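J.: Dropping in upload38.cif, which is mmCIF, C-alpha atoms:
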data_upload
#
loop_
_atom_site.group_PDB
_atom_site.id
_atom_site.type_symbol
_atom_site.label_atom_id
_atom_site.label_comp_id
_atom_site.auth_asym_id
_atom_site.auth_seq_id
_atom_site.Cartn_x
_atom_site.Cartn_y
_atom_site.Cartn_z
ATOM 1 C CA MET S 1 -72.345 -24.562 -21.466
ATOM 2 C CA LYS S 2 -74.037 -25.458 -18.185
ATOM 3 C CA LYS S 3 -76.289 -28.418 -17.627
ATOM 4 C CA THR S 4 -78.077 -29.983 -14.702
ATOM 5 C CA ILE S 5 -77.090 -33.575 -14.037
ATOM 6 C CA THR S 6 -78.832 -36.197 -11.952
ATOM 7 C CA PHE S 7 -77.452 -38.265 -9.114
ATOM 8 C CA VAL S 8 -77.668 -41.340 -11.353
ATOM 9 C CA ALA S 9 -75.047 -39.796 -13.595
ATOM 10 C CA LEU S 10 -72.852 -39.031 -10.607
ATOM 11 C CA ILE S 11 -72.345 -42.708 -9.902
ATOM 12 C CA LEU S 12 -70.488 -42.990 -13.194
ATOM 13 C CA PHE S 13 -67.573 -40.878 -12.001
ATOM 14 C CA SER S 14 -64.266 -40.926 -13.819
ATOM 15 C CA ALA S 15 -61.073 -38.869 -13.570
ATOM 16 C CA ASN S 16 -62.236 -36.308 -16.113
ATOM 17 C CA ILE S 17 -64.805 -34.935 -13.635
ATOM 18 C CA PHE S 18 -61.958 -32.825 -12.296
ATOM 19 C CA SER S 19 -61.548 -30.980 -15.580
ATOM 20 C CA GLN S 20 -64.526 -28.814 -14.596
ATOM 21 C CA THR S 21 -66.479 -27.418 -11.676
ATOM 22 C CA HIS S 22 -68.931 -29.757 -10.072
ATOM 23 C CA ARG S 23 -71.357 -27.802 -7.885
ATOM 24 C CA PHE S 24 -73.505 -29.241 -5.121
ATOM 25 C CA ILE S 25 -76.125 -26.927 -3.638
ATOM 26 C CA TYR S 26 -77.238 -27.425 -0.045
ATOM 27 C CA ASP S 27 -80.195 -26.034 1.862
ATOM 28 C CA PHE S 28 -78.721 -24.560 5.022
ATOM 29 C CA LYS S 29 -80.763 -23.721 8.139
ATOM 30 C CA TYR S 30 -79.157 -22.076 11.146
ATOM 31 C CA LYS S 31 -80.005 -20.164 14.300
ATOM 32 C CA VAL S 32 -78.247 -16.883 14.980
ATOM 33 C CA ASP S 33 -80.155 -16.609 18.264
ATOM 34 C CA THR S 34 -80.252 -19.886 20.195
ATOM 35 C CA LEU S 35 -83.531 -18.885 21.901
ATOM 36 C CA ASP S 36 -85.283 -18.209 18.614
ATOM 37 C CA THR S 37 -87.729 -20.789 17.283
ATOM 38 C CA GLU S 38 -87.179 -19.650 13.702
ATOM 39 C CA TYR S 39 -84.246 -20.428 11.433
ATOM 40 C CA ASP S 40 -82.312 -18.255 9.042
ATOM 41 C CA LYS S 41 -82.001 -20.000 5.691
ATOM 42 C CA GLN S 42 -79.476 -19.894 2.873
ATOM 43 C CA GLU S 43 -78.581 -21.943 -0.161
ATOM 44 C CA MET S 44 -74.903 -22.864 -0.043
ATOM 45 C CA ALA S 45 -72.724 -23.803 -3.004
ATOM 46 C CA LEU S 46 -69.985 -26.424 -2.781
ATOM 47 C CA ASP S 47 -67.763 -26.057 -5.869
ATOM 48 C CA ILE S 48 -65.359 -28.922 -6.505
ATOM 49 C CA ASN S 49 -62.664 -27.857 -8.963
ATOM 50 C CA PRO S 50 -59.579 -29.630 -10.311
ATOM 51 C CA ASP S 51 -57.345 -28.353 -7.495
ATOM 52 C CA GLU S 52 -59.584 -26.481 -5.061
ATOM 53 C CA VAL S 53 -62.831 -26.727 -3.156
ATOM 54 C CA LYS S 54 -64.911 -23.616 -2.456
ATOM 55 C CA PHE S 55 -67.916 -23.142 -0.198
ATOM 56 C CA TYR S 56 -70.072 -20.012 -0.128
ATOM 57 C CA GLU S 57 -73.612 -18.708 -0.236
ATOM 58 C CA TYR S 58 -75.229 -19.493 -3.571
ATOM 59 C CA GLN S 59 -76.593 -15.947 -3.790
ATOM 60 C CA PHE S 60 -73.056 -14.807 -4.638
ATOM 61 C CA ALA S 61 -73.175 -16.919 -7.806
ATOM 62 C CA VAL S 62 -76.692 -15.694 -8.632
ATOM 63 C CA ASN S 63 -75.593 -12.065 -8.419
ATOM 64 C CA ASP S 64 -72.449 -12.852 -10.382
ATOM 65 C CA SER S 65 -74.482 -14.401 -13.210
ATOM 66 C CA LEU S 66 -76.882 -11.435 -13.300
ATOM 67 C CA SER S 67 -73.967 -8.997 -13.481
ATOM 68 C CA ARG S 68 -72.878 -10.594 -16.773
ATOM 69 C CA LEU S 69 -76.190 -9.848 -18.484
ATOM 70 C CA PRO S 70 -76.564 -6.809 -20.787
ATOM 71 C CA GLN S 71 -77.921 -3.713 -19.055
ATOM 72 C CA HIS S 72 -77.747 -5.392 -15.663
ATOM 73 C CA GLU S 73 -78.270 -3.524 -12.437
ATOM 74 C CA TYR S 74 -75.089 -3.628 -10.377
ATOM 75 C CA SER S 75 -75.682 -5.422 -7.096
ATOM 76 C CA GLN S 76 -73.391 -6.569 -4.300
ATOM 77 C CA TYR S 77 -74.085 -9.303 -1.805
ATOM 78 C CA THR S 78 -72.530 -9.804 1.635
ATOM 79 C CA SER S 79 -72.377 -13.149 3.406
ATOM 80 C CA GLN S 80 -74.977 -13.627 6.118
ATOM 81 C CA SER S 81 -73.674 -16.963 7.413
ATOM 82 C CA GLN S 82 -69.920 -16.182 7.590
ATOM 83 C CA GLN S 83 -69.206 -19.445 5.769
ATOM 84 C CA THR S 84 -67.082 -18.387 2.830
ATOM 85 C CA LEU S 85 -63.998 -20.554 2.411
ATOM 86 C CA LYS S 86 -61.764 -22.467 0.075
ATOM 87 C CA ARG S 87 -59.108 -25.168 0.393
ATOM 88 C CA LYS S 88 -56.834 -27.295 -1.717
ATOM 89 C CA ILE S 89 -58.618 -30.468 -2.658
ATOM 90 C CA ASN S 90 -58.053 -33.436 -0.312
ATOM 91 C CA THR S 91 -56.726 -31.241 2.516
ATOM 92 C CA ASN S 92 -58.094 -29.822 5.765
ATOM 93 C CA ASN S 93 -56.318 -26.465 5.392
ATOM 94 C CA ASN S 94 -59.005 -23.844 4.917
ATOM 95 C CA LEU S 95 -58.848 -20.200 3.927
ATOM 96 C CA ASN S 96 -61.682 -18.435 5.768
ATOM 97 C CA TYR S 97 -62.981 -15.205 4.185
ATOM 98 C CA VAL S 98 -64.731 -12.970 6.709
ATOM 99 C CA GLN S 99 -66.117 -9.482 7.295
ATOM 100 C CA ILE S 100 -67.323 -7.418 10.232
ATOM 101 C CA MET S 101 -70.707 -5.799 9.739
ATOM 102 C CA MET S 102 -70.671 -2.089 8.866
ATOM 103 C CA MET S 103 -66.911 -2.178 8.252
ATOM 104 C CA PRO S 104 -65.450 -1.726 4.723
ATOM 105 C CA TYR S 105 -62.803 -4.426 5.054
ATOM 106 C CA TYR S 106 -62.427 -8.015 3.877
ATOM 107 C CA TYR S 107 -60.173 -10.488 5.678
ATOM 108 C CA VAL S 108 -58.821 -13.991 5.191
ATOM 109 C CA TYR S 109 -57.196 -16.265 7.756
ATOM 110 C CA GLU S 110 -55.945 -19.841 7.585
ATOM 111 C CA SER S 111 -57.126 -22.727 9.724
ATOM 112 C CA ASN S 112 -56.343 -26.423 9.883
ATOM 113 C CA ASP S 113 -59.539 -28.354 10.550
ATOM 114 C CA PRO S 114 -59.094 -32.134 10.689
ATOM 115 C CA ILE S 115 -62.261 -34.096 11.458
ATOM 116 C CA LYS S 116 -62.186 -37.557 13.013
ATOM 117 C CA TRP S 117 -65.243 -39.463 11.870
ATOM 118 C CA LYS S 118 -66.777 -42.543 13.435
ATOM 119 C CA ILE S 119 -68.535 -44.464 10.684
ATOM 120 C CA GLU S 120 -71.558 -46.277 12.111
ATOM 121 C CA ASN S 121 -73.134 -49.527 10.878
ATOM 122 C CA LYS S 122 -76.534 -47.853 10.533
ATOM 123 C CA THR S 123 -77.696 -47.448 6.930
ATOM 124 C CA LYS S 124 -80.912 -46.502 5.175
ATOM 125 C CA THR S 125 -82.147 -45.635 1.707
ATOM 126 C CA LEU S 126 -82.687 -42.144 0.357
ATOM 127 C CA GLY S 127 -84.231 -42.267 -3.113
ATOM 128 C CA SER S 128 -82.060 -44.681 -5.058
ATOM 129 C CA TYR S 129 -79.098 -44.243 -2.719
ATOM 130 C CA LYS S 130 -77.874 -46.227 0.216
ATOM 131 C CA ILE S 131 -76.718 -43.751 2.843
ATOM 132 C CA GLN S 132 -74.659 -44.454 5.942
ATOM 133 C CA LYS S 133 -74.390 -42.710 9.280
ATOM 134 C CA ALA S 134 -71.215 -41.073 10.582
ATOM 135 C CA THR S 135 -70.630 -39.014 13.711
ATOM 136 C CA THR S 136 -67.964 -36.619 14.925
ATOM 137 C CA TYR S 137 -67.178 -34.025 17.551
ATOM 138 C CA PHE S 138 -66.016 -30.856 15.820
ATOM 139 C CA GLY S 139 -65.931 -27.209 16.809
ATOM 140 C CA GLY S 140 -67.348 -27.902 20.255
ATOM 141 C CA ARG S 141 -70.441 -29.634 18.856
ATOM 142 C CA ASN S 142 -71.578 -33.193 18.203
ATOM 143 C CA TRP S 143 -72.474 -33.818 14.559
ATOM 144 C CA THR S 144 -74.319 -36.539 12.658
ATOM 145 C CA ALA S 145 -73.811 -36.954 8.928
ATOM 146 C CA TRP S 146 -75.383 -39.195 6.311
ATOM 147 C CA PHE S 147 -73.153 -39.964 3.341
ATOM 148 C CA THR S 148 -73.392 -42.177 0.297
ATOM 149 C CA PRO S 149 -70.477 -44.293 -0.978
ATOM 150 C CA ASP S 150 -72.334 -44.309 -4.321
ATOM 151 C CA ILE S 151 -70.956 -40.796 -4.917
ATOM 152 C CA PRO S 152 -67.245 -41.272 -4.151
ATOM 153 C CA ILE S 153 -66.383 -37.680 -3.214
ATOM 154 C CA SER S 154 -64.730 -37.008 0.144
ATOM 155 C CA GLU S 155 -65.374 -33.251 -0.053
ATOM 156 C CA SER S 156 -68.577 -32.003 1.556
ATOM 157 C CA PRO S 157 -70.243 -28.832 2.902
ATOM 158 C CA TYR S 158 -68.356 -26.375 5.110
ATOM 159 C CA LYS S 159 -65.364 -28.215 6.629
ATOM 160 C CA PHE S 160 -67.058 -31.626 6.912
ATOM 161 C CA ARG S 161 -64.804 -33.556 4.591
ATOM 162 C CA GLY S 162 -63.005 -36.887 4.774
ATOM 163 C CA LEU S 163 -65.769 -39.491 4.513
ATOM 164 C CA PRO S 164 -65.709 -42.181 1.768
ATOM 165 C CA GLY S 165 -68.624 -40.595 -0.029
ATOM 166 C CA LEU S 166 -70.516 -37.338 -0.443
ATOM 167 C CA ILE S 167 -72.453 -36.086 2.582
ATOM 168 C CA LEU S 168 -76.122 -35.649 1.711
ATOM 169 C CA ALA S 169 -77.117 -34.304 5.135
ATOM 170 C CA VAL S 170 -75.339 -33.187 8.306
ATOM 171 C CA GLU S 171 -76.527 -31.465 11.491
ATOM 172 C CA ASP S 172 -75.410 -30.792 15.047
ATOM 173 C CA SER S 173 -77.072 -32.441 18.035
ATOM 174 C CA GLN S 174 -78.900 -29.232 19.006
ATOM 175 C CA GLN S 175 -80.129 -28.743 15.438
ATOM 176 C CA HIS S 176 -78.736 -25.224 15.343
ATOM 177 C CA PHE S 177 -77.061 -25.963 11.989
ATOM 178 C CA THR S 178 -78.478 -28.260 9.308
ATOM 179 C CA TYR S 179 -77.238 -28.891 5.758
ATOM 180 C CA GLN S 180 -79.236 -30.914 3.223
ATOM 181 C CA LEU S 181 -78.238 -31.514 -0.387
ATOM 182 C CA SER S 182 -80.901 -30.212 -2.773
ATOM 183 C CA ARG S 183 -79.419 -30.391 -6.273
ATOM 184 C CA ASN S 184 -76.248 -30.364 -8.346
ATOM 185 C CA VAL S 185 -74.954 -28.613 -11.453
ATOM 186 C CA ASN S 186 -72.048 -29.386 -13.756
ATOM 187 C CA PHE S 187 -69.879 -26.774 -15.531
ATOM 188 C CA ASP S 188 -67.546 -27.659 -18.369
ATOM 189 C CA LYS S 189 -65.175 -24.856 -17.286
ATOM 190 C CA THR S 190 -63.859 -23.995 -13.847
ATOM 191 C CA TYR S 191 -66.267 -21.472 -12.342
ATOM 192 C CA ASP S 192 -64.564 -18.130 -11.665
ATOM 193 C CA THR S 193 -65.207 -16.758 -8.173
ATOM 194 C CA SER S 194 -62.425 -14.174 -8.137
ATOM 195 C CA GLY S 195 -64.863 -11.246 -8.163
ATOM 196 C CA PHE S 196 -66.731 -12.178 -4.986
ATOM 197 C CA LEU S 197 -64.833 -14.824 -3.013
ATOM 198 C CA GLU S 198 -61.092 -14.190 -3.276
ATOM 199 C CA LYS S 199 -62.035 -10.501 -3.429
ATOM 200 C CA HIS S 200 -65.229 -8.988 -2.102
ATOM 201 C CA TYR S 201 -65.996 -6.987 -5.244
ATOM 202 C CA ASN S 202 -63.543 -4.055 -4.933
ATOM 203 C CA LEU S 203 -62.104 -5.166 -1.572
ATOM 204 C CA ASN S 204 -58.913 -7.228 -1.530
ATOM 205 C CA ALA S 205 -58.688 -9.839 1.213
ATOM 206 C CA LEU S 206 -56.311 -8.700 3.971
ATOM 207 C CA LYS S 207 -54.334 -11.626 5.360
ATOM 208 C CA ILE S 208 -54.585 -11.978 9.136
ATOM 209 C CA ASN S 209 -54.427 -14.755 11.717
ATOM 210 C CA TYR S 210 -57.266 -15.898 13.946
ATOM 211 C CA LYS S 211 -55.876 -14.039 16.966
ATOM 212 C CA THR S 212 -56.102 -10.802 14.987
ATOM 213 C CA TRP S 213 -59.638 -11.673 13.866
ATOM 214 C CA ILE S 214 -60.640 -12.002 17.528
ATOM 215 C CA LYS S 215 -58.997 -8.651 18.316
ATOM 216 C CA LEU S 216 -60.745 -6.859 15.447
ATOM 217 C CA ASN S 217 -64.159 -8.149 16.515
ATOM 218 C CA LEU S 218 -63.650 -7.122 20.134
ATOM 219 C CA GLU S 219 -62.520 -3.657 19.059
ATOM 220 C CA PHE S 220 -65.643 -3.302 16.958
ATOM 221 C CA TYR S 221 -67.829 -4.539 19.817
ATOM 222 C CA ASN S 222 -66.334 -2.051 22.261
ATOM 223 C CA ASP S 223 -67.057 0.902 19.960
ATOM 224 C CA PRO S 224 -69.154 -0.225 16.958
ATOM 225 C CA TYR S 225 -69.731 3.297 15.620
ATOM 226 C CA ALA S 226 -66.190 4.644 15.974
ATOM 227 C CA ARG S 227 -65.625 4.885 12.221
ATOM 228 C CA MET S 228 -69.060 6.360 11.478
ATOM 229 C CA ARG S 229 -68.654 8.896 14.261
ATOM 230 C CA ALA S 230 -65.227 9.988 13.034
ATOM 231 C CA GLU S 231 -66.342 10.339 9.412
ATOM 232 C CA PHE S 232 -69.806 11.774 10.068
ATOM 233 C CA ASN S 233 -70.907 14.858 8.169
ATOM 234 C CA PRO S 234 -74.102 16.627 9.365
ATOM 235 C CA ASP S 235 -75.130 17.098 5.729
ATOM 236 C CA TRP S 236 -75.281 13.339 5.192
ATOM 237 C CA PHE S 237 -78.514 11.381 5.444
ATOM 238 C CA VAL S 238 -77.698 8.591 7.906
ATOM 239 C CA LYS S 239 -80.463 6.305 9.157
ATOM 240 C CA ILE S 240 -79.909 3.434 11.600
ATOM 241 C CA ASN S 241 -82.788 1.261 12.806
ATOM 242 C CA ASP S 242 -85.302 3.781 11.458
ATOM 243 C CA ARG S 243 -83.597 6.595 13.332
ATOM 244 C CA ARG S 244 -82.183 9.614 11.490
ATOM 245 C CA ILE S 245 -78.737 10.453 12.869
ATOM 246 C CA LYS S 246 -78.088 14.202 12.969
ATOM 247 C CA SER S 247 -75.026 14.488 15.216
ATOM 248 C CA ARG S 248 -71.925 12.526 16.220
ATOM 249 C CA GLU S 249 -73.136 12.315 19.800
ATOM 250 C CA GLU S 250 -76.153 10.235 18.796
ATOM 251 C CA PHE S 251 -73.906 7.331 17.842
ATOM 252 C CA TYR S 252 -73.024 6.833 21.506
ATOM 253 C CA GLU S 253 -76.691 6.172 22.275
ATOM 254 C CA LEU S 254 -76.675 3.317 19.751
ATOM 255 C CA THR S 255 -73.668 1.546 21.250
ATOM 256 C CA LYS S 256 -75.344 -0.494 23.992
ATOM 257 C CA PRO S 257 -78.302 -1.705 21.838
ATOM 258 C CA THR S 258 -75.831 -2.773 19.158
ATOM 259 C CA GLN S 259 -73.670 -4.604 21.689
ATOM 260 C CA ASP S 260 -76.765 -6.376 23.021
ATOM 261 C CA GLN S 261 -77.656 -7.430 19.481
ATOM 262 C CA ILE S 262 -74.137 -8.712 18.777
ATOM 263 C CA ARG S 263 -74.218 -10.920 21.877
ATOM 264 C CA ARG S 264 -77.779 -12.094 21.294
ATOM 265 C CA GLU S 265 -77.191 -13.012 17.657
ATOM 266 C CA TYR S 266 -73.842 -14.711 18.107
ATOM 267 C CA ASN S 267 -74.060 -18.488 17.787
ATOM 268 C CA PRO S 268 -70.772 -19.610 16.210
ATOM 269 C CA ILE S 269 -70.743 -22.908 14.391
ATOM 270 C CA GLU S 270 -67.326 -23.612 15.948
ATOM 271 C CA ARG S 271 -67.940 -22.889 19.610
ATOM 272 C CA ASP S 272 -64.387 -23.750 20.601
ATOM 273 C CA LYS S 273 -63.269 -20.698 18.585
ATOM 274 C CA ALA S 274 -65.923 -18.327 19.911
ATOM 275 C CA ILE S 275 -65.121 -14.633 20.215
ATOM 276 C CA PRO S 276 -65.078 -13.876 23.976
ATOM 277 C CA TYR S 277 -67.567 -11.015 23.998
ATOM 278 C CA PRO S 278 -68.004 -9.444 27.454
ATOM 279 C CA LYS S 279 -71.023 -10.639 29.419
ATOM 280 C CA LYS S 280 -73.767 -8.187 30.338
#
As structure tokens - that is how I would like this structure written.
T.:
Amino acid sequence: MKKTITFVALILFSANIFSQTHRFIYDFKYKVDTLDTEYDKQEMALDINPDEVKFYEYQFAVNDSLSRLPQHEYSQYTSQSQQTLKRKINTNNNLNYVQIMMMPYYYVYESNDPIKWKIENKTKTLGSYKIQKATTYFGGRNWTAWFTPDIPISESPYKFRGLPGLILAVEDSQQHFTYQLSRNVNFDKTYDTSGFLEKHYNLNALKINYKTWIKLNLEFYNDPYARMRAEFNPDWFVKINDRRIKSREEFYELTKPTQDQIRREYNPIERDKAIPYPKK
């Protein structure tokens, strides 16, 4: 059984909350192009389980629920934000699940991401909650968070954990990335994500390190259509950016526009781990 619970109920926490999945859903706005005035938007799910914390786009869970219905239409979803991760509860050791666009592979690498918070004296009220300001420098960005001690959970969206209360909102100083809690749901059983998080549907997660992840992205950037070109069959109907591809040679013409797009739409949340794409 699933039921929606209010924040008032959350104040009455006890140890048995960890016998189930407690899901917090955040509205996430982010800029893939720093010069763009518009934001991309996603709903993100923070699942707090007895032993693990998971963070991913809520659309994964929506598709997963639909797939369980009779006579459902099979549908896969791929992360747009590249923020799919899990960690043991009360730790900063994250497993990051990632993909490269147009490539049929799924990867996972480990990272240790401690965050040193400065808890400020500034407080205000949000609804019935007293919230308090905290700041940090993480991933090459300055961040401001608002948390509430009334909900004594130190886990929060993405890797922003470690405060003495749940974060209700957090954003960087440039407002390229903004998370805001919108609602919460309680499950009386641990929610199974094995079909879309630990595996990407039929793809097992290949274990790599971050150095290899950098290498794979640079190889793709240097020749983004290498796989398509090698496997191309003239009898196939291949269409890229409204262009029908009829020969292997045409893929070479798409390389530079694709490289330009990769650079233009690359705004990593952790700038200190940015992939060093070549400049123009």
J.: With 12 Å as the threshold, what does the neighbourhood of (-77.7, -7.0, 20.7) contain in terms of residues, counting all atoms listed in the file? Coordinates are those of the file; answer as a ChimeraX atom specification.
T.: /S:32-33,221,224,254-266,277,279-280
J.: Can you pull out the residues contacting Glu57 in chain S? Cut-off 6 Å, using all atoms listed in the file, and skip same-chain residues under 2 positions away; I want them as a CSV table (one decimal) with C-alpha atoms, in the coordinates of the input.
T.:
chain,number,residue,atom,x,y,z
S,43,GLU,CA,-78.6,-21.9,-0.2
S,44,MET,CA,-74.9,-22.9,0.0
S,45,ALA,CA,-72.7,-23.8,-3.0
S,59,GLN,CA,-76.6,-15.9,-3.8
S,60,PHE,CA,-73.1,-14.8,-4.6
J.: If you apply the PyMOL selection byres ((chain S and resi 94) around 12) to this file, what residues do you get, as a VMD selection string?
T.: chain S and resid 52 to 55 83 to 93 95 to 97 108 to 114 158 to 161
J.: Got a sec to resolve the PyMOL selection byres ((chain S and resi 115-128) around 8) on this structure and send the residues as a ChimeraX atom specification?
T.: /S:113-114,129-138,160-163
J.: Ranking S:Asp40, S:Asp47, S:Asp223, S:Asp272 by minimum distance to Glu253 in chain S and counting only C-alpha atoms, which one comes first?
T.: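 Result for the nearest residue to Glu253 in chain S: S:Asp223.
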